[in-house]
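To keep things clear, I will list the structure first and then write my remarks on it.
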Protein chains: 2
Amino acid sequence: MTLVEHSPLTRKLSAFVALSDVELAVLERLHQRRRSFVAGRDMVHQGQTARAAYILSAGWVCSYKLQADGTRQIVDFQVPGDFLGLRSVLLRTSDHSFEPIVDIEAAEVMTSDLLEAFAQTPRLATAILWAASRDEAMVVEHLVGIGRRGADARMAHFLLELGSRLALVGMGSKEGFECPLTQYHLADTLGLSAVHVNRVLRQLRESGLVTFRDGHVAFHDYGGLVELAEFDPAYLDQTGPLLK
Amino acid sequence: MTLVEHSPLTRKLSAFVALSDVELAVLERLHQRRRSFVAGRDMVHQGQTARAAYILSAGWVCSYKLQADGTRQIVDFQVPGDFLGLRSVLLRTSDHSFEPIVDIEAAEVMTSDLLEAFAQTPRLATAILWAASRDEAMVVEHLVGIGRRGADARMAHFLLELGSRLALVGMGSKEGFECPLTQYHLADTLGLSAVHVNRVLRQLRESGLVTFRDGHVAFHDYGGLVELAEFDPAYLDQTGPLLK
DNA sequence: CGGCTCGTTGAAAGGCCTCAAGTGGCGTGG
DNA sequence: CCACGCCACTTGAGGCCTTTCAACGAGCCG
């Protein structure tokens with residue numbers, strides 16, 4: 001371990017495998033092409049073919065799908081340390097859009113760079129595939145939540161998952177985390193109306209479980225929330241007790 | 001094209017890329033280790049680590065996740081030509097279970113066989129990754145459906161998607177298809193109660209759109225269904241007009 | 001024949017949505 | 001400096017969609 005401050009991605013992957021100095025160097029080199037995007041303007045539009053992937057280093061992004069009737073469904077969020085559009089590079093289609101929620105910083109990664117890094121360090125490849133697999137598991141869990149959980153449990157589960165993900169890159173704890181999302185984001189994520197999101201949040205707050213307010217999430221009764229949501233973080237594959 | 005009858009997987013991949021005789025041979029060789037499973041008994045349990053993947057050649061399977069309160073959410077179905085557990089081999093976790101809906105035939109594929117095949121024929125690797133990407137897009141679309149479509153549109157969309165998938169392997173058309181699912185399967189898939197599934201099916205039948213009965217789905221008004229579901233098959237990436 | 005699964009239907013309850021109105025913070029322009 | 005508009009949030013009332021509970025019929029198998 002060096003004293004150099006590592007990127008969020010490095011922090012995240014380190015939770016999965018201990019990376020050697022060489023691997024760390026390769027990883028940091030992937031961050032060379034830095035780019036910024038402003039909040040609100042889509043980075044990638046539905047139907048567009050992406051040529052590069054991004055590693056998010058600061059800010060939040062959501063990926064969503066728009067329907068003919070104007071409603072939208074947010075599929076996933078990306079927070080610092082997450083890949084963005086990894087599949088559309090390794091594979092083919094980008095059938096949803098990406099929107100920065102706040103101004104963001106990201107590193108552009110060309111397909112060739114990535115494949116080269118993979119060839120150099122197989123362990124790094126494994127770690128990145130782990131991250132991709134984890135993203136997929138989160139989408140599945142999201143599906144389960146919308147299909148089979150009531151609005152309050154759904155909300156609780158979502159906030160807990162977000163907390164765990166952020167804890168992995170040092171941006172959250174069992175106390176809470178900073179959160180730039182609006183209640184409309186929550187509604188489009190959880191398949192609820194914005195009005196109902198407001199009511200659910202009030203209920204959770206008045207139950208003394210969690211407060212979502214002024215860009216900050218505060219867990220008041222972590223255990224109680226876990227119970228309400230039936231939150232089992234196994235699918236996140238963050239073996240250890242990271243939230244301490 | 002030879003006169004030999006090809007496996008469903010071969011049929012499916014051929015819709016994406018034209019495969020050479022060599023590639024066809026490699027693909028067929030992956031089908032060597034044939035296995036059977038009986039209906040109802042899980043092939044892989046939640047939490048278990050899978051060592052192999054399967055190529056489904058006959059029968060239907062569903063992958064689902066069980067919750068603490070006993071409800072279950074079906075994430076996806078596998079029909080002939082589909083991979084099963086591909087991710088848990090290439091990646092790591094198998095966080096959901098697989099249950100054969102009827103007695104099935106499948107070919108067991110060891111990780112090493114797969115990687116060898118990939119090395120021999122890059123185009124085949126591309127085609128298989130296309131299939132994997134398509135599976136992922138279907139999960140996302142499923143998420144959108146549960147989150148943002150009403151029960152009737154959800155049902156219509158599901159049946160249309162299934163029809164398209166089956167058409168790709170010659171098991172369905174715009175007229176309909178054979179379907180071994182029960183209304184309970186539909187309920188667990190669509191995030192509805194079995195009772196409501198029954199009512200929705202009745203309504204669709206009485207509207208003259210589609211009939212689901214006795215193991216058979218009959219499209220009576222394909223265009224009307226497409227309109228109701230706002231079904232845009234772009235995400236299936238089956239470029240051509242396969243349903244003719 | 002009894003038990004089981006799958007399907008069907010009715011009635012009542014409840015969760016979530018839509019419509020509607022109103023608050024407060026913040027940036028912009030007169 | 002204040003008016004204005006916009007956005008995020010808040011709260012109430014009414015209604016629809018979906019669920020739950022309950023009962024019953026049909027087919028299948030031991």
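To be explicit about the labels: the chains of the structure tokens are called A, B, and onward in the order shown, and within each one the residues are counted from 1, while ligands get numbers from 1 in the order they are shown.
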
What are the residues of chain B that have an atom within 12 Å of an atom of chain D, counting only C-alpha atoms (C1' of nucleotides), as a count of residues only?
13

Pick out the chain B residues within 10 Å of chain A. Count only C-alpha atoms. Give them as an MDAnalysis selection string.
chainID B and resid 47 64:69 71:76 87:88 90:96 126:134 136:137 139:149 187:192 230:232 234:237

Residues of chain C at most 10 Å from chain B: nearest atom pair and distance in Å, only C-alpha atoms (C1' of nucleotides), as a tab-separated table:
```
residue	atom	partner	partner_atom	distance
C:DC6	C1'	B:Thr182	CA	7.5
C:DG7	C1'	B:Asn198	CA	7.9
C:DT8	C1'	B:Asn198	CA	7.6
C:DT9	C1'	B:Arg199	CA	9.2
```

How would you write, as a PDB file with N, CA and C atoms, in the first residue's frame, the set of residues in segment 2-179 of chain A that DSSP gives as alpha helix (DSSP H)?
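This is the output file selection17.pdb:
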```pdb
ATOM      1  N   PRO A   8     -11.528   5.908  -6.812  1.00  0.00           N
ATOM      2  CA  PRO A   8     -12.613   5.127  -6.218  1.00  0.00           C
ATOM      3  C   PRO A   8     -12.681   3.709  -6.787  1.00  0.00           C
ATOM      4  N   LEU A   9     -12.412   3.585  -8.079  1.00  0.00           N
ATOM      5  CA  LEU A   9     -12.452   2.241  -8.678  1.00  0.00           C
ATOM      6  C   LEU A   9     -11.428   1.331  -8.014  1.00  0.00           C
ATOM      7  N   THR A  10     -10.251   1.882  -7.798  1.00  0.00           N
ATOM      8  CA  THR A  10      -9.206   1.094  -7.144  1.00  0.00           C
ATOM      9  C   THR A  10      -9.647   0.666  -5.749  1.00  0.00           C
ATOM     10  N   ARG A  11     -10.231   1.593  -5.041  1.00  0.00           N
ATOM     11  CA  ARG A  11     -10.744   1.252  -3.699  1.00  0.00           C
ATOM     12  C   ARG A  11     -11.730   0.112  -3.773  1.00  0.00           C
ATOM     13  N   LYS A  12     -12.631   0.229  -4.735  1.00  0.00           N
ATOM     14  CA  LYS A  12     -13.689  -0.770  -4.848  1.00  0.00           C
ATOM     15  C   LYS A  12     -13.108  -2.142  -5.169  1.00  0.00           C
ATOM     16  N   LEU A  13     -12.264  -2.206  -6.184  1.00  0.00           N
ATOM     17  CA  LEU A  13     -11.718  -3.499  -6.596  1.00  0.00           C
ATOM     18  C   LEU A  13     -10.852  -4.111  -5.510  1.00  0.00           C
ATOM     19  N   SER A  14     -10.228  -3.250  -4.716  1.00  0.00           N
ATOM     20  CA  SER A  14      -9.385  -3.756  -3.637  1.00  0.00           C
ATOM     21  C   SER A  14     -10.189  -4.519  -2.596  1.00  0.00           C
ATOM     22  N   ASP A  21       1.366  -3.856  -6.937  1.00  0.00           N
ATOM     23  CA  ASP A  21       1.747  -2.522  -7.380  1.00  0.00           C
ATOM     24  C   ASP A  21       1.630  -2.389  -8.897  1.00  0.00           C
ATOM     25  N   VAL A  22       2.010  -3.462  -9.597  1.00  0.00           N
ATOM     26  CA  VAL A  22       1.912  -3.450 -11.059  1.00  0.00           C
ATOM     27  C   VAL A  22       0.455  -3.288 -11.485  1.00  0.00           C
ATOM     28  N   GLU A  23      -0.389  -4.060 -10.851  1.00  0.00           N
ATOM     29  CA  GLU A  23      -1.812  -4.009 -11.205  1.00  0.00           C
ATOM     30  C   GLU A  23      -2.401  -2.641 -10.883  1.00  0.00           C
ATOM     31  N   LEU A  24      -1.966  -2.103  -9.757  1.00  0.00           N
ATOM     32  CA  LEU A  24      -2.446  -0.769  -9.394  1.00  0.00           C
ATOM     33  C   LEU A  24      -2.022   0.262 -10.440  1.00  0.00           C
ATOM     34  N   ALA A  25      -0.798   0.091 -10.933  1.00  0.00           N
ATOM     35  CA  ALA A  25      -0.284   1.035 -11.918  1.00  0.00           C
ATOM     36  C   ALA A  25      -1.092   0.951 -13.217  1.00  0.00           C
ATOM     37  N   VAL A  26      -1.361  -0.270 -13.652  1.00  0.00           N
ATOM     38  CA  VAL A  26      -2.160  -0.465 -14.876  1.00  0.00           C
ATOM     39  C   VAL A  26      -3.542   0.174 -14.701  1.00  0.00           C
ATOM     40  N   LEU A  27      -4.090  -0.039 -13.534  1.00  0.00           N
ATOM     41  CA  LEU A  27      -5.411   0.492 -13.236  1.00  0.00           C
ATOM     42  C   LEU A  27      -5.425   2.017 -13.275  1.00  0.00           C
ATOM     43  N   GLU A  28      -4.397   2.609 -12.677  1.00  0.00           N
ATOM     44  CA  GLU A  28      -4.340   4.070 -12.664  1.00  0.00           C
ATOM     45  C   GLU A  28      -4.137   4.618 -14.076  1.00  0.00           C
ATOM     46  N   ARG A  29      -3.417   3.847 -14.902  1.00  0.00           N
ATOM     47  CA  ARG A  29      -3.171   4.317 -16.257  1.00  0.00           C
ATOM     48  C   ARG A  29      -4.459   4.362 -17.081  1.00  0.00           C
ATOM     49  N   LEU A  86     -19.936  -0.248 -19.821  1.00  0.00           N
ATOM     50  CA  LEU A  86     -18.968  -1.329 -20.024  1.00  0.00           C
ATOM     51  C   LEU A  86     -19.515  -2.372 -20.983  1.00  0.00           C
ATOM     52  N   ARG A  87     -20.783  -2.698 -20.817  1.00  0.00           N
ATOM     53  CA  ARG A  87     -21.381  -3.735 -21.659  1.00  0.00           C
ATOM     54  C   ARG A  87     -21.433  -3.327 -23.115  1.00  0.00           C
ATOM     55  N   SER A  88     -21.769  -2.085 -23.354  1.00  0.00           N
ATOM     56  CA  SER A  88     -21.931  -1.667 -24.749  1.00  0.00           C
ATOM     57  C   SER A  88     -20.601  -1.657 -25.482  1.00  0.00           C
ATOM     58  N   VAL A  89     -19.504  -1.738 -24.735  1.00  0.00           N
ATOM     59  CA  VAL A  89     -18.211  -1.848 -25.390  1.00  0.00           C
ATOM     60  C   VAL A  89     -17.853  -3.304 -25.616  1.00  0.00           C
ATOM     61  N   LEU A  90     -17.920  -4.077 -24.547  1.00  0.00           N
ATOM     62  CA  LEU A  90     -17.577  -5.488 -24.657  1.00  0.00           C
ATOM     63  C   LEU A  90     -18.575  -6.202 -25.554  1.00  0.00           C
ATOM     64  N   THR A 111     -11.832   0.711 -25.883  1.00  0.00           N
ATOM     65  CA  THR A 111     -11.897  -0.747 -25.864  1.00  0.00           C
ATOM     66  C   THR A 111     -10.496  -1.353 -25.896  1.00  0.00           C
ATOM     67  N   SER A 112      -9.636  -0.771 -26.747  1.00  0.00           N
ATOM     68  CA  SER A 112      -8.294  -1.342 -26.898  1.00  0.00           C
ATOM     69  C   SER A 112      -7.504  -1.251 -25.595  1.00  0.00           C
ATOM     70  N   ASP A 113      -7.617  -0.102 -24.904  1.00  0.00           N
ATOM     71  CA  ASP A 113      -6.923   0.057 -23.623  1.00  0.00           C
ATOM     72  C   ASP A 113      -7.334  -1.036 -22.649  1.00  0.00           C
ATOM     73  N   LEU A 114      -8.624  -1.275 -22.642  1.00  0.00           N
ATOM     74  CA  LEU A 114      -9.163  -2.231 -21.683  1.00  0.00           C
ATOM     75  C   LEU A 114      -8.648  -3.639 -21.986  1.00  0.00           C
ATOM     76  N   LEU A 115      -8.711  -4.009 -23.256  1.00  0.00           N
ATOM     77  CA  LEU A 115      -8.266  -5.349 -23.630  1.00  0.00           C
ATOM     78  C   LEU A 115      -6.782  -5.517 -23.363  1.00  0.00           C
ATOM     79  N   GLU A 116      -6.040  -4.449 -23.594  1.00  0.00           N
ATOM     80  CA  GLU A 116      -4.609  -4.478 -23.328  1.00  0.00           C
ATOM     81  C   GLU A 116      -4.339  -4.700 -21.835  1.00  0.00           C
ATOM     82  N   ALA A 117      -5.075  -3.952 -21.026  1.00  0.00           N
ATOM     83  CA  ALA A 117      -4.918  -4.091 -19.578  1.00  0.00           C
ATOM     84  C   ALA A 117      -5.271  -5.514 -19.137  1.00  0.00           C
ATOM     85  N   PHE A 118      -6.306  -6.049 -19.754  1.00  0.00           N
ATOM     86  CA  PHE A 118      -6.715  -7.419 -19.429  1.00  0.00           C
ATOM     87  C   PHE A 118      -5.592  -8.404 -19.736  1.00  0.00           C
ATOM     88  N   ALA A 119      -4.978  -8.192 -20.899  1.00  0.00           N
ATOM     89  CA  ALA A 119      -3.927  -9.110 -21.321  1.00  0.00           C
ATOM     90  C   ALA A 119      -2.732  -9.027 -20.376  1.00  0.00           C
ATOM     91  N   GLN A 120      -2.436  -7.814 -19.922  1.00  0.00           N
ATOM     92  CA  GLN A 120      -1.278  -7.630 -19.045  1.00  0.00           C
ATOM     93  C   GLN A 120      -1.486  -8.256 -17.673  1.00  0.00           C
ATOM     94  N   PRO A 122      -4.196 -10.542 -15.742  1.00  0.00           N
ATOM     95  CA  PRO A 122      -5.408 -11.354 -15.669  1.00  0.00           C
ATOM     96  C   PRO A 122      -6.189 -11.137 -14.375  1.00  0.00           C
ATOM     97  N   ARG A 123      -5.478 -10.880 -13.293  1.00  0.00           N
ATOM     98  CA  ARG A 123      -6.174 -10.675 -12.026  1.00  0.00           C
ATOM     99  C   ARG A 123      -7.031  -9.415 -12.056  1.00  0.00           C
ATOM    100  N   LEU A 124      -6.542  -8.423 -12.789  1.00  0.00           N
ATOM    101  CA  LEU A 124      -7.305  -7.198 -12.937  1.00  0.00           C
ATOM    102  C   LEU A 124      -8.567  -7.468 -13.751  1.00  0.00           C
ATOM    103  N   ALA A 125      -8.409  -8.292 -14.786  1.00  0.00           N
ATOM    104  CA  ALA A 125      -9.561  -8.675 -15.598  1.00  0.00           C
ATOM    105  C   ALA A 125     -10.617  -9.342 -14.723  1.00  0.00           C
ATOM    106  N   THR A 126     -10.159 -10.245 -13.883  1.00  0.00           N
ATOM    107  CA  THR A 126     -11.088 -10.929 -12.977  1.00  0.00           C
ATOM    108  C   THR A 126     -11.824  -9.933 -12.093  1.00  0.00           C
ATOM    109  N   ALA A 127     -11.052  -8.977 -11.573  1.00  0.00           N
ATOM    110  CA  ALA A 127     -11.654  -8.003 -10.672  1.00  0.00           C
ATOM    111  C   ALA A 127     -12.701  -7.152 -11.391  1.00  0.00           C
ATOM    112  N   ILE A 128     -12.401  -6.768 -12.609  1.00  0.00           N
ATOM    113  CA  ILE A 128     -13.340  -5.930 -13.353  1.00  0.00           C
ATOM    114  C   ILE A 128     -14.585  -6.735 -13.741  1.00  0.00           C
ATOM    115  N   LEU A 129     -14.372  -7.990 -14.091  1.00  0.00           N
ATOM    116  CA  LEU A 129     -15.537  -8.840 -14.383  1.00  0.00           C
ATOM    117  C   LEU A 129     -16.368  -9.066 -13.121  1.00  0.00           C
ATOM    118  N   TRP A 130     -15.700  -9.105 -11.995  1.00  0.00           N
ATOM    119  CA  TRP A 130     -16.442  -9.200 -10.733  1.00  0.00           C
ATOM    120  C   TRP A 130     -17.367  -7.989 -10.588  1.00  0.00           C
ATOM    121  N   ALA A 131     -16.817  -6.817 -10.877  1.00  0.00           N
ATOM    122  CA  ALA A 131     -17.614  -5.608 -10.758  1.00  0.00           C
ATOM    123  C   ALA A 131     -18.797  -5.639 -11.725  1.00  0.00           C
ATOM    124  N   ALA A 132     -18.554  -6.145 -12.936  1.00  0.00           N
ATOM    125  CA  ALA A 132     -19.627  -6.214 -13.924  1.00  0.00           C
ATOM    126  C   ALA A 132     -20.713  -7.186 -13.464  1.00  0.00           C
ATOM    127  N   SER A 133     -20.267  -8.303 -12.911  1.00  0.00           N
ATOM    128  CA  SER A 133     -21.210  -9.299 -12.424  1.00  0.00           C
ATOM    129  C   SER A 133     -22.045  -8.747 -11.276  1.00  0.00           C
ATOM    130  N   ARG A 134     -21.405  -7.964 -10.447  1.00  0.00           N
ATOM    131  CA  ARG A 134     -22.084  -7.340  -9.317  1.00  0.00           C
ATOM    132  C   ARG A 134     -23.145  -6.364  -9.809  1.00  0.00           C
ATOM    133  N   ASP A 135     -22.822  -5.604 -10.843  1.00  0.00           N
ATOM    134  CA  ASP A 135     -23.795  -4.678 -11.412  1.00  0.00           C
ATOM    135  C   ASP A 135     -25.030  -5.427 -11.900  1.00  0.00           C
ATOM    136  N   GLU A 136     -24.778  -6.556 -12.527  1.00  0.00           N
ATOM    137  CA  GLU A 136     -25.897  -7.342 -13.031  1.00  0.00           C
ATOM    138  C   GLU A 136     -26.754  -7.856 -11.900  1.00  0.00           C
ATOM    139  N   ALA A 137     -26.105  -8.331 -10.851  1.00  0.00           N
ATOM    140  CA  ALA A 137     -26.851  -8.836  -9.700  1.00  0.00           C
ATOM    141  C   ALA A 137     -27.706  -7.731  -9.095  1.00  0.00           C
ATOM    142  N   MET A 138     -27.224  -6.501  -9.159  1.00  0.00           N
ATOM    143  CA  MET A 138     -28.003  -5.391  -8.606  1.00  0.00           C
ATOM    144  C   MET A 138     -29.251  -5.135  -9.435  1.00  0.00           C
ATOM    145  N   VAL A 139     -29.135  -5.270 -10.741  1.00  0.00           N
ATOM    146  CA  VAL A 139     -30.316  -5.095 -11.591  1.00  0.00           C
ATOM    147  C   VAL A 139     -31.351  -6.179 -11.274  1.00  0.00           C
ATOM    148  N   VAL A 140     -30.873  -7.400 -11.093  1.00  0.00           N
ATOM    149  CA  VAL A 140     -31.787  -8.493 -10.752  1.00  0.00           C
ATOM    150  C   VAL A 140     -32.472  -8.215  -9.417  1.00  0.00           C
ATOM    151  N   GLU A 141     -31.705  -7.774  -8.453  1.00  0.00           N
ATOM    152  CA  GLU A 141     -32.276  -7.472  -7.141  1.00  0.00           C
ATOM    153  C   GLU A 141     -33.290  -6.325  -7.237  1.00  0.00           C
ATOM    154  N   HIS A 142     -33.004  -5.387  -8.097  1.00  0.00           N
ATOM    155  CA  HIS A 142     -33.914  -4.271  -8.350  1.00  0.00           C
ATOM    156  C   HIS A 142     -35.233  -4.797  -8.907  1.00  0.00           C
ATOM    157  N   LEU A 143     -35.118  -5.732  -9.828  1.00  0.00           N
ATOM    158  CA  LEU A 143     -36.302  -6.372 -10.408  1.00  0.00           C
ATOM    159  C   LEU A 143     -37.138  -7.045  -9.336  1.00  0.00           C
ATOM    160  N   VAL A 144     -36.484  -7.794  -8.485  1.00  0.00           N
ATOM    161  CA  VAL A 144     -37.178  -8.478  -7.397  1.00  0.00           C
ATOM    162  C   VAL A 144     -37.890  -7.466  -6.504  1.00  0.00           C
ATOM    163  N   GLY A 145     -37.201  -6.388  -6.212  1.00  0.00           N
ATOM    164  CA  GLY A 145     -37.771  -5.372  -5.335  1.00  0.00           C
ATOM    165  C   GLY A 145     -39.042  -4.767  -5.901  1.00  0.00           C
ATOM    166  N   ILE A 146     -38.996  -4.390  -7.163  1.00  0.00           N
ATOM    167  CA  ILE A 146     -40.167  -3.776  -7.782  1.00  0.00           C
ATOM    168  C   ILE A 146     -41.298  -4.790  -7.902  1.00  0.00           C
ATOM    169  N   GLY A 147     -40.930  -6.042  -8.193  1.00  0.00           N
ATOM    170  CA  GLY A 147     -41.960  -7.054  -8.399  1.00  0.00           C
ATOM    171  C   GLY A 147     -42.603  -7.542  -7.126  1.00  0.00           C
ATOM    172  N   ARG A 148     -41.821  -7.634  -6.044  1.00  0.00           N
ATOM    173  CA  ARG A 148     -42.310  -8.364  -4.875  1.00  0.00           C
ATOM    174  C   ARG A 148     -42.175  -7.663  -3.539  1.00  0.00           C
ATOM    175  N   ALA A 151     -43.970  -0.653  -1.127  1.00  0.00           N
ATOM    176  CA  ALA A 151     -43.268   0.606  -1.369  1.00  0.00           C
ATOM    177  C   ALA A 151     -42.263   0.933  -0.269  1.00  0.00           C
ATOM    178  N   ASP A 152     -42.615   0.697   0.993  1.00  0.00           N
ATOM    179  CA  ASP A 152     -41.712   1.063   2.082  1.00  0.00           C
ATOM    180  C   ASP A 152     -40.467   0.169   2.110  1.00  0.00           C
ATOM    181  N   ALA A 153     -40.681  -1.138   1.940  1.00  0.00           N
ATOM    182  CA  ALA A 153     -39.547  -2.054   1.925  1.00  0.00           C
ATOM    183  C   ALA A 153     -38.658  -1.771   0.715  1.00  0.00           C
ATOM    184  N   ARG A 154     -39.299  -1.409  -0.383  1.00  0.00           N
ATOM    185  CA  ARG A 154     -38.561  -1.116  -1.606  1.00  0.00           C
ATOM    186  C   ARG A 154     -37.633   0.079  -1.380  1.00  0.00           C
ATOM    187  N   MET A 155     -38.201   1.109  -0.779  1.00  0.00           N
ATOM    188  CA  MET A 155     -37.417   2.312  -0.491  1.00  0.00           C
ATOM    189  C   MET A 155     -36.282   1.997   0.480  1.00  0.00           C
ATOM    190  N   ALA A 156     -36.608   1.291   1.528  1.00  0.00           N
ATOM    191  CA  ALA A 156     -35.596   0.942   2.532  1.00  0.00           C
ATOM    192  C   ALA A 156     -34.465   0.147   1.889  1.00  0.00           C
ATOM    193  N   HIS A 157     -34.836  -0.822   1.089  1.00  0.00           N
ATOM    194  CA  HIS A 157     -33.841  -1.659   0.434  1.00  0.00           C
ATOM    195  C   HIS A 157     -32.938  -0.832  -0.467  1.00  0.00           C
ATOM    196  N   PHE A 158     -33.554   0.061  -1.209  1.00  0.00           N
ATOM    197  CA  PHE A 158     -32.779   0.899  -2.123  1.00  0.00           C
ATOM    198  C   PHE A 158     -31.761   1.750  -1.375  1.00  0.00           C
ATOM    199  N   LEU A 159     -32.203   2.372  -0.295  1.00  0.00           N
ATOM    200  CA  LEU A 159     -31.290   3.238   0.459  1.00  0.00           C
ATOM    201  C   LEU A 159     -30.164   2.428   1.106  1.00  0.00           C
ATOM    202  N   LEU A 160     -30.489   1.235   1.560  1.00  0.00           N
ATOM    203  CA  LEU A 160     -29.460   0.390   2.161  1.00  0.00           C
ATOM    204  C   LEU A 160     -28.432  -0.044   1.128  1.00  0.00           C
ATOM    205  N   GLU A 161     -28.916  -0.429  -0.050  1.00  0.00           N
ATOM    206  CA  GLU A 161     -27.993  -0.845  -1.097  1.00  0.00           C
ATOM    207  C   GLU A 161     -27.063   0.299  -1.473  1.00  0.00           C
ATOM    208  N   LEU A 162     -27.659   1.461  -1.657  1.00  0.00           N
ATOM    209  CA  LEU A 162     -26.863   2.637  -2.011  1.00  0.00           C
ATOM    210  C   LEU A 162     -25.813   2.907  -0.941  1.00  0.00           C
ATOM    211  N   GLY A 163     -26.216   2.798   0.310  1.00  0.00           N
ATOM    212  CA  GLY A 163     -25.278   3.015   1.406  1.00  0.00           C
ATOM    213  C   GLY A 163     -24.114   2.044   1.352  1.00  0.00           C
ATOM    214  N   SER A 164     -24.405   0.790   1.075  1.00  0.00           N
ATOM    215  CA  SER A 164     -23.351  -0.221   1.007  1.00  0.00           C
ATOM    216  C   SER A 164     -22.391   0.064  -0.132  1.00  0.00           C
ATOM    217  N   ARG A 165     -22.979   0.442  -1.270  1.00  0.00           N
ATOM    218  CA  ARG A 165     -22.135   0.711  -2.428  1.00  0.00           C
ATOM    219  C   ARG A 165     -21.213   1.891  -2.147  1.00  0.00           C
ATOM    220  N   LEU A 166     -21.760   2.913  -1.527  1.00  0.00           N
ATOM    221  CA  LEU A 166     -20.960   4.106  -1.258  1.00  0.00           C
ATOM    222  C   LEU A 166     -19.911   3.843  -0.189  1.00  0.00           C
ATOM    223  N   ALA A 167     -20.277   2.980   0.769  1.00  0.00           N
ATOM    224  CA  ALA A 167     -19.320   2.650   1.827  1.00  0.00           C
ATOM    225  C   ALA A 167     -18.059   2.029   1.235  1.00  0.00           C
ATOM    226  N   LEU A 168     -18.263   1.294   0.138  1.00  0.00           N
ATOM    227  CA  LEU A 168     -17.155   0.597  -0.508  1.00  0.00           C
ATOM    228  C   LEU A 168     -16.115   1.566  -1.058  1.00  0.00           C
TER     229      LEU A 168
END
```

Strand (DSSP E or B) positions in segment 25-216 of chain B, given as a VMD selection string:
chain B and resid 33 to 37 44 52 to 58 61 to 66 72 to 78 83 to 84 97 to 100 104 to 110 172 to 173 176 to 178 210 to 213 216
